[in-house]
Amino acid sequence: MPASRETASAYSAADPTASAVAATHAVTSVRSAAAAPRRIVVVGGGPAAHRLTDALHSRDTEKTLSIVVLAEENHRPYDRVALSRRLAGLVDLTLGPTVPWDSASIALRINERAVSIDPINHTVTTSTGAVLDYDDLVLATGSSAPVPTMPGQEHIRVYRTVDDVDALVDELAALTETLGRAPRVVVAGGGLLGLEAAGGLHTLGAEAAIVHSGGWLMSAQLDEGGGQALGRLIIAQGIELHLGTRARTILTDDSGSRVTGLQLGNGREIGADMVVYAIGIAPRDELARDAGLSRGTHGGVTIGNDCRTSDPSIWAIGEVASWNDRCVGLVAPANAMAEVVADRLLGGTAEFTTVDDATKLKLSGVDVASFGDAVASTPGSLEIVYADPARGLYQKLVMTDDAKTLLGGIFVGDATPYSALRPLVGRELSSAPAAYLSAAGTDAPGGDELPDDALVCSCNMVSAGTVRSAVRGDDHTDACTELGALKTCTRAGSQCGSCVPLVKKILEAELTASGQTVSHALCEHFALSRQELFESVRVLGLTGSDEIFSRFGTGRGCDVCKPAVASILASQNTSYILDSGRGTLQDTNDRAMANMQKDGTYSVVPRIPGGEITPIKLAVIAQVALDFDLYTKITGGQRIDLFGARLEQLPDIWRILVDAGFESGQAYGKALRNVKSCVGSTWCRFGVQDAVGLAIRLELRYRGLRAPHKFKFGVSGCARECAEARAKDVGIIASDNGWNMYVGGNGGFQPAHGQLLATDLDEDTLIRYIDRYLMYYIRTADRMQRTARWMDDLEGGLEHVRDVVIDDSLGFAEELEQAMLAHVDNYEDEWAATLADPGRLRRFRSFVNAPAEPDPSIARVTERDQIRPATPAERASSSTVLLSGSRIPVRKE
């Protein structure tokens with residue numbers, strides 16, 4: 001197709017498919033020299049490009065830049081570091097924040113790659129034929145997975161992208177079905193990626209083997225002692241090792257269509273049904289080569305400390321950049337380069353001066369890390385080593401010749417000290433080096449020993465001082481005193497996660513230093529945490545608040561512990577929440593079983609499961625609203641909220657609703673609020689599953705379930721996600737093969753996207769997993785903690801939840817299911833129970849010991865044909881005011 005000339009003015013990219021549409025149109029922009037934004041084209045859509053774009057978006061407050069990002073893959077930028085998680089399940093690896101892609105000044109063009117650069121005319125030609133003008137060009141093309149030339153190389157698979165991983169999973173499943181046995185997979189490469197690939201495929205059921213040219217695994221990061229210890233751990237997992245050799249030939253059957261084995265350089269032949277290569281990286285510098293840019297000895301685009309290439313208008317970051325004649329395939333240096341370029345593009349003078357090549361292996365059951373001068377190449381350096389070959393344990397610190405300054409280290413089998421020691425490289429340790437080895441029976445230093453300039457999070461370049469400042473709330477910002485909030489506001493621990501233990505230590509140390517006791521006690525009346533109290537009540541079978549206070553508490557309780565105790569009791573048994581002295585434990589909303597509004601009246605929210613309602617029931621709600629003159633509003637949860645009911649009116653209103661088949665929507669309780677759904681396959685031509693049917697089934701199962709905080713569900717009948725399921729505590733999205741389950745999403749002050757827990761589930765399995773997930777949350781979360789923050793605080797996060805919910809790693813899945821079944825079997829609508837007992841109805845009076853008469857202090861005005869509370873000014877003025885108990889506006893004369 002003929003090339004279309006475009007300026008780099010950004011297209012709207014709120015929808016990731018918008019770039020594909022935009023690419024089919026020629027866009028001409030008449031720019032005035034004075035007002036035109038500076039045109040930035042970023043070639044590449046990986047983590048480095050994301051980091052650069054996010055940095056520019058957050059700093060370019062005057063919107064002086066117009067940015068186009070060309071992403072070759074059919075995905076928004078995702079976390080390549082976490083490919084092993086994708087291999088374990090269909091996990092969404094999209095990098096956050098995603099806000100930049102919604103900006104009018106930034107265009108993300110997916111499925112579109114740059115095919116050539118014209119440095120003289122400052123243009124980039126793309127695969128769609130578009131020609132983009134630029135003022136500055138940033139190369140973030142990353143690297144590819146090298147594959148050697150050998151017989152049978154067409155059968156080689158690679159482990160580099162999301163699509164690579166998905167293809168591996170699909171091919172493994174097909175081989176399993178075809179062969180009728182576990183496929184034999186050989187992974188060439190014993191570095192980080194090779195180990196992750198072999199471990200992940202082995203977990204999926206393959207017989208895995210690793211072929212590695214080095215004499216030991218991770219030979220680029222570990223010394224021989226560490227590599228040998230790691231090898232023993234890998235063999236113990238059932239993975240075969242072939243070290244010190246390479247594959248020479250891919251063997252196939254007579255037709256040449258199916259892999260049967262490998263011939264190795266040492267002459268040995270091993271069986272194989274699939275061959276995967278993960279032997280390093282090859283920088284994708286073809287564009288730079290063709291444009292005449294200087295390149296490194298071993299490839300890559302040569303850059304200086306300013307990350308600028310040999311062309312002053314072209315920059316390079318990430319794996320394609322060759323700094324000091326070296327390309328690095330790690331996320332921390334890529335992010336650091338992105339920050340330097342962002343600063344330079346906005347007029348700064350930042351420089352890239354060092355490579356943080358610390359690494360940590362992400363493989364279940366294997367704990368490995370290295371940092372700094374791990375192999376003791378510094379002249380005169382000392383090595384302090386603890387080794388236990390039988391246990392696969394190896395720990396080493398590299399020190400200066402006086403044994404005072406830390407230079408690096410290796411940890412295999414137990415990497416506990418890694419997060420605390422890595423920021424101390426180049427600094428003197430306060431104790432003898434051996435004291436820092438956890439295998440020696442001591443703890444690594446805490447976060448309070450780190451100087452402010454020590455780098456805590458190398459992925460996001462966050463220092464200890466930045467973390468401390470956020471905890472204190474310096475610069476007139478809100479203090480981040482919880483781990484989840486601290487990760488959000490500083491970004492520390494939000495990428496690879498290896499620094500989270502250290503971030504938590506700094507948080508606790510700073511709270512202690514500021515006089516805030518770091519305690520998990522529920523409150524001053526209970527020394528136990530909520531989790532500990534929950535388990536104590538459960539194990540002892542306590543059913544009354546008096547028993548709980550006498551056994552574990554002191555005093556009469558407070559507004560913190562009393563509702564928590566009430567919630568624990570309600571979670572463990574389904575008796576009426578206001579009986580047996582529990583009424584005094586509840587807050588105002590639970591006592592009234594309705595939400596109090598600003599004028600002292602209450603709202604009424606009937607349950608509408610899945611958002612489905614008949615015209616007859618709609619008419620009942622309408623009549624109630626007319627009879628009691630209530631303000632009506634459709635909520636975001638697909639329910640109808642009736643505002644303005646006085647306390648004494650609640651029983652009369654609910655009697656009508658209950659008689660019509662409604663029950664409490666529990667909008668007042670820390671419980672299930674609603675299950676939002678789209679119409680699904682019932683009506684929608686895009687729906688692939690019955691979203692409404694499932695939503696109703698879920699809402700009727702989990703209604704009334706009390707928890708540490710409110711929780712919501714969403715069910716979408718297809719990938720278009722109309723029910724916004726990923727913004728819910730539990731989100732379910734239909735696929736052609738069943739249901740995908742997301743967990744830990746929420747809106748609010750700290751919004752969080754749900755994380756994919758499991759895919760293609762049938763309904764019964766889905767419900768079993770939800771049962772386990774909710775009961776585990778109810779048992780272990782802190783009071784007033786949403787599921788997103790709870791998962792943030794769990795050691796291991798999503799992977800831990802997956803182990804507990806799916807793999808039953810704690811061995812009590814059946815117990816969790818039985819606890820949920822007890823709730824389902826004993827559920828009783830709270831308002832129906834109230835109406836059936838005259839004694840319970842006595843609570844619903846405006847004044848104690850008074851007849852049920854209107855509260856005369858309530859005044860309202862009409863607006864848009866409905867009533868609302870009168871403002872103080874309106875109360876004092878002569879405007880039309882509706883007095884309590886009247887349905888006709890009364891003009892005050």
# chains A, B, ... in the order shown; residues from 1 in each chain; ligands from 1
>>> residues_around(residues="Lys562 in chain A", least_positions_apart="4", cutoff="8 Å", atoms="only C-alpha atoms", output="list in words")
Gly557, Cys558, Ala566, Leu585 and Gln586 of chain A
>>> write_last_selection(atoms="C-alpha atoms", output="short mmCIF file (atom, residue, chain, number, x, y, z; two decimals), in the first residue's frame")
data_model
loop_
_atom_site.label_atom_id
_atom_site.label_comp_id
_atom_site.auth_asym_id
_atom_site.auth_seq_id
_atom_site.Cartn_x
_atom_site.Cartn_y
_atom_site.Cartn_z
CA GLY A 557 -14.84 -2.71 73.90
CA CYS A 558 -14.82 0.13 71.41
CA ALA A 566 -20.07 -8.97 65.67
CA LEU A 585 -21.91 -4.40 69.02
CA GLN A 586 -23.17 -3.20 65.67
#
>>> select_by_dssp(residues="range 324-571 of chain A", states="alpha helix (DSSP H)", output="PyMOL selection string")
chain A and resi 331-345+418-421+464-472+483-490+500-513+530-540+545-552+561-571
>>> atom_distance(atom1="CA of Ala82 in chain A", atom2="CA of Cys496 in chain A")
7.4 Å
>>> residues_around(residues="Asp690 in chain A", least_positions_apart="6", cutoff="12 Å", atoms="only C-alpha atoms", output="number ranges by chain")
A: 610, 677-684, 696-697, 715-718, 732-736, 738-739, 763
>>> select_by_dssp(residues="range 171-210 of chain A", states="strand (DSSP E or B)", output="ChimeraX atom specification")
/A:184-188,207-210
>>> write_last_selection(atoms="all heavy atoms", output="PDB file, in the first residue's frame")
ATOM      1  N   ARG A 184       7.769 -35.361  26.447  1.00  0.00           N
ATOM      2  CA  ARG A 184       9.143 -35.115  26.869  1.00  0.00           C
ATOM      3  C   ARG A 184       9.582 -33.776  26.273  1.00  0.00           C
ATOM      4  O   ARG A 184       9.627 -33.622  25.055  1.00  0.00           O
ATOM      5  CB  ARG A 184      10.062 -36.236  26.401  1.00  0.00           C
ATOM      6  CG  ARG A 184       9.705 -37.612  26.971  1.00  0.00           C
ATOM      7  CD  ARG A 184      10.426 -38.715  26.227  1.00  0.00           C
ATOM      8  NE  ARG A 184      10.042 -38.733  24.803  1.00  0.00           N
ATOM      9  CZ  ARG A 184      10.489 -39.625  23.919  1.00  0.00           C
ATOM     10  NH1 ARG A 184      11.331 -40.569  24.304  1.00  0.00           N
ATOM     11  NH2 ARG A 184      10.107 -39.571  22.653  1.00  0.00           N
ATOM     12  N   VAL A 185       9.902 -32.828  27.142  1.00  0.00           N
ATOM     13  CA  VAL A 185      10.302 -31.491  26.706  1.00  0.00           C
ATOM     14  C   VAL A 185      11.745 -31.257  27.112  1.00  0.00           C
ATOM     15  O   VAL A 185      12.109 -31.449  28.274  1.00  0.00           O
ATOM     16  CB  VAL A 185       9.397 -30.407  27.329  1.00  0.00           C
ATOM     17  CG1 VAL A 185       9.871 -29.014  26.908  1.00  0.00           C
ATOM     18  CG2 VAL A 185       7.947 -30.611  26.919  1.00  0.00           C
ATOM     19  N   VAL A 186      12.559 -30.857  26.147  1.00  0.00           N
ATOM     20  CA  VAL A 186      13.945 -30.512  26.431  1.00  0.00           C
ATOM     21  C   VAL A 186      14.105 -29.010  26.249  1.00  0.00           C
ATOM     22  O   VAL A 186      13.749 -28.458  25.206  1.00  0.00           O
ATOM     23  CB  VAL A 186      14.918 -31.257  25.500  1.00  0.00           C
ATOM     24  CG1 VAL A 186      16.354 -30.786  25.757  1.00  0.00           C
ATOM     25  CG2 VAL A 186      14.802 -32.756  25.707  1.00  0.00           C
ATOM     26  N   VAL A 187      14.620 -28.349  27.272  1.00  0.00           N
ATOM     27  CA  VAL A 187      14.869 -26.910  27.228  1.00  0.00           C
ATOM     28  C   VAL A 187      16.362 -26.688  27.094  1.00  0.00           C
ATOM     29  O   VAL A 187      17.147 -27.179  27.928  1.00  0.00           O
ATOM     30  CB  VAL A 187      14.334 -26.211  28.497  1.00  0.00           C
ATOM     31  CG1 VAL A 187      14.677 -24.718  28.465  1.00  0.00           C
ATOM     32  CG2 VAL A 187      12.827 -26.399  28.613  1.00  0.00           C
ATOM     33  N   ALA A 188      16.749 -25.987  26.044  1.00  0.00           N
ATOM     34  CA  ALA A 188      18.163 -25.633  25.862  1.00  0.00           C
ATOM     35  C   ALA A 188      18.398 -24.288  26.530  1.00  0.00           C
ATOM     36  O   ALA A 188      17.799 -23.287  26.158  1.00  0.00           O
ATOM     37  CB  ALA A 188      18.501 -25.563  24.378  1.00  0.00           C
ATOM     38  N   GLU A 207       7.582 -34.245  31.059  1.00  0.00           N
ATOM     39  CA  GLU A 207       8.853 -34.770  31.544  1.00  0.00           C
ATOM     40  C   GLU A 207       9.924 -33.825  31.023  1.00  0.00           C
ATOM     41  O   GLU A 207      10.220 -33.800  29.826  1.00  0.00           O
ATOM     42  CB  GLU A 207       9.085 -36.193  31.034  1.00  0.00           C
ATOM     43  CG  GLU A 207       8.126 -37.221  31.602  1.00  0.00           C
ATOM     44  CD  GLU A 207       8.426 -38.618  31.080  1.00  0.00           C
ATOM     45  OE1 GLU A 207       9.442 -38.770  30.347  1.00  0.00           O
ATOM     46  OE2 GLU A 207       7.663 -39.545  31.392  1.00  0.00           O
ATOM     47  N   ALA A 208      10.496 -33.014  31.898  1.00  0.00           N
ATOM     48  CA  ALA A 208      11.377 -31.933  31.474  1.00  0.00           C
ATOM     49  C   ALA A 208      12.839 -32.287  31.669  1.00  0.00           C
ATOM     50  O   ALA A 208      13.218 -32.973  32.624  1.00  0.00           O
ATOM     51  CB  ALA A 208      11.043 -30.656  32.238  1.00  0.00           C
ATOM     52  N   ALA A 209      13.662 -31.773  30.754  1.00  0.00           N
ATOM     53  CA  ALA A 209      15.113 -31.903  30.846  1.00  0.00           C
ATOM     54  C   ALA A 209      15.733 -30.589  30.398  1.00  0.00           C
ATOM     55  O   ALA A 209      15.149 -29.846  29.597  1.00  0.00           O
ATOM     56  CB  ALA A 209      15.614 -33.049  29.987  1.00  0.00           C
ATOM     57  N   ILE A 210      16.901 -30.288  30.918  1.00  0.00           N
ATOM     58  CA  ILE A 210      17.623 -29.064  30.567  1.00  0.00           C
ATOM     59  C   ILE A 210      18.978 -29.434  29.986  1.00  0.00           C
ATOM     60  O   ILE A 210      19.705 -30.251  30.561  1.00  0.00           O
ATOM     61  CB  ILE A 210      17.812 -28.153  31.801  1.00  0.00           C
ATOM     62  CG1 ILE A 210      16.461 -27.648  32.314  1.00  0.00           C
ATOM     63  CG2 ILE A 210      18.721 -26.979  31.469  1.00  0.00           C
ATOM     64  CD1 ILE A 210      16.554 -26.869  33.619  1.00  0.00           C
TER      65      ILE A 210
END
>>> residues_around(residues="Asp629 in chain A", least_positions_apart="2", cutoff="8 Å", atoms="only C-alpha atoms", output="MDAnalysis selection string")
chainID A and resid 624:627 631 644 867 887
>>> closest_atom_pairs(of="range 419-535 of chain A", to="range 797-802 of chain A", cutoff="12 Å", atoms="only C-alpha atoms", output="CSV")
residue,atom,partner,partner_atom,distance
A:Gly484,CA,A:Gly797,CA,11.2
A:Gly493,CA,A:Gly797,CA,11.7
A:Ser494,CA,A:Gly797,CA,11.5
A:Cys496,CA,A:Gly797,CA,11.9
A:Gly497,CA,A:Gly797,CA,9.6
A:Ser498,CA,A:Gly797,CA,11.9
A:Val500,CA,A:Gly797,CA,10.7
>>> residues_around(residues="Val462 in chain A", least_positions_apart="2", cutoff="12 Å", atoms="only C-alpha atoms", output="CSV table (one decimal) with C-alpha atoms, in the first residue's frame")
chain,number,residue,atom,x,y,z
A,332,ALA,CA,16.1,-2.7,36.4
A,335,ASN,CA,13.7,1.1,33.7
A,336,ALA,CA,16.7,3.3,34.7
A,339,GLU,CA,13.9,7.4,33.4
A,423,PRO,CA,20.8,-2.3,48.8
A,452,ASP,CA,18.1,7.1,52.7
A,453,ASP,CA,20.0,6.9,49.4
A,454,ALA,CA,20.1,3.1,49.4
A,455,LEU,CA,18.2,1.6,46.5
A,456,VAL,CA,15.3,-0.5,47.8
A,457,CYS,CA,13.5,-1.2,44.5
A,458,SER,CA,15.9,-1.4,41.6
A,459,CYS,CA,13.0,-2.1,39.1
A,460,ASN,CA,11.5,1.3,39.8
A,464,ALA,CA,14.8,3.9,51.2
A,465,GLY,CA,14.4,7.6,51.7
A,466,THR,CA,11.5,7.8,49.3
A,467,VAL,CA,9.8,4.9,51.1
A,468,ARG,CA,10.3,6.6,54.5
A,469,SER,CA,9.1,9.9,53.2
A,470,ALA,CA,5.9,8.3,51.9
A,486,LEU,CA,2.8,2.3,50.2
A,487,LYS,CA,3.4,0.1,47.1
A,489,CYS,CA,2.3,5.6,46.1
A,490,THR,CA,6.0,4.7,45.7
A,491,ARG,CA,5.8,1.9,43.1
A,492,ALA,CA,8.3,0.0,45.3
A,493,GLY,CA,7.6,-3.7,45.0
A,494,SER,CA,5.0,-3.3,42.2
A,495,GLN,CA,7.1,-5.1,39.5
A,499,CYS,CA,11.9,-6.1,47.5
A,500,VAL,CA,8.4,-6.3,49.2
A,502,LEU,CA,12.3,-5.0,52.7
A,503,VAL,CA,9.6,-2.4,52.0
>>> residues_around(residues="Arg326 in chain A", least_positions_apart="3", cutoff="9 Å", atoms="only C-alpha atoms", output="list in words")
Gly296, Thr297, His298, Gly299, Gly300, Thr302, Ala321, Ser322 and Trp323 of chain A
>>> write_last_selection(atoms="all heavy atoms", output="compact mmCIF listing (two decimals), in the first residue's frame")
# COMPACT_ATOMS: atom_id res chain seq x y z
N GLY A 296 27.21 -1.87 19.00
CA GLY A 296 28.22 -2.46 19.85
C GLY A 296 28.91 -3.63 19.19
O GLY A 296 28.45 -4.17 18.17
N THR A 297 29.99 -4.07 19.80
CA THR A 297 30.77 -5.19 19.26
C THR A 297 29.92 -6.45 19.14
O THR A 297 30.05 -7.21 18.17
CB THR A 297 31.98 -5.47 20.18
OG1 THR A 297 32.74 -4.26 20.33
CG2 THR A 297 32.85 -6.56 19.61
N HIS A 298 29.08 -6.68 20.11
CA HIS A 298 28.23 -7.87 20.12
C HIS A 298 26.79 -7.54 19.77
O HIS A 298 25.88 -8.29 20.13
CB HIS A 298 28.30 -8.53 21.50
CG HIS A 298 29.69 -8.84 21.95
ND1 HIS A 298 30.46 -9.84 21.39
CD2 HIS A 298 30.49 -8.25 22.88
CE1 HIS A 298 31.64 -9.88 21.96
NE2 HIS A 298 31.70 -8.92 22.87
N GLY A 299 26.57 -6.44 19.07
CA GLY A 299 25.23 -6.02 18.70
C GLY A 299 24.67 -5.01 19.68
O GLY A 299 25.28 -4.68 20.71
N GLY A 300 23.50 -4.51 19.36
CA GLY A 300 22.90 -3.48 20.18
C GLY A 300 23.28 -2.09 19.69
O GLY A 300 24.29 -1.91 19.00
N THR A 302 24.67 1.49 20.23
CA THR A 302 25.59 2.14 21.15
C THR A 302 24.98 3.42 21.72
O THR A 302 24.46 4.26 20.98
CB THR A 302 26.90 2.49 20.45
OG1 THR A 302 27.50 1.29 19.94
CG2 THR A 302 27.87 3.17 21.40
N ALA A 321 19.83 -1.48 23.84
CA ALA A 321 20.85 -0.46 24.09
C ALA A 321 22.16 -1.11 24.54
O ALA A 321 22.18 -1.94 25.45
CB ALA A 321 20.35 0.53 25.14
N SER A 322 23.25 -0.71 23.91
CA SER A 322 24.57 -1.21 24.27
C SER A 322 25.33 -0.10 24.99
O SER A 322 25.79 0.86 24.37
CB SER A 322 25.34 -1.65 23.02
OG SER A 322 26.65 -2.04 23.34
N TRP A 323 25.44 -0.24 26.28
CA TRP A 323 26.15 0.74 27.11
C TRP A 323 27.46 0.13 27.58
O TRP A 323 27.46 -0.99 28.10
CB TRP A 323 25.27 1.13 28.30
CG TRP A 323 25.89 2.14 29.23
CD1 TRP A 323 26.01 3.47 29.01
CD2 TRP A 323 26.45 1.88 30.52
NE1 TRP A 323 26.62 4.07 30.09
CE2 TRP A 323 26.91 3.12 31.03
CE3 TRP A 323 26.63 0.73 31.29
CZ2 TRP A 323 27.51 3.24 32.28
CZ3 TRP A 323 27.23 0.85 32.53
CH2 TRP A 323 27.66 2.09 33.01
>>> closest_residue(among="A:Gly553, A:Gly256, A:Gly329, A:Gly731", to="Ser529 in chain A", atoms="only C-alpha atoms")
A:Gly553
>>> residues_around(residues="Thr260 in chain A", least_positions_apart="5", cutoff="7 Å", atoms="only C-alpha atoms", output="VMD selection string")
chain A and resid 251 to 253 271 to 273
>>> closest_residue(among="A:Tyr576, A:Phe713, A:Tyr78, A:Tyr602", to="Val162 in chain A", atoms="only C-alpha atoms")
A:Tyr78
>>> atom_distance(atom1="CA of Val320 in chain A", atom2="CA of Ser144 in chain A")
9.7 Å
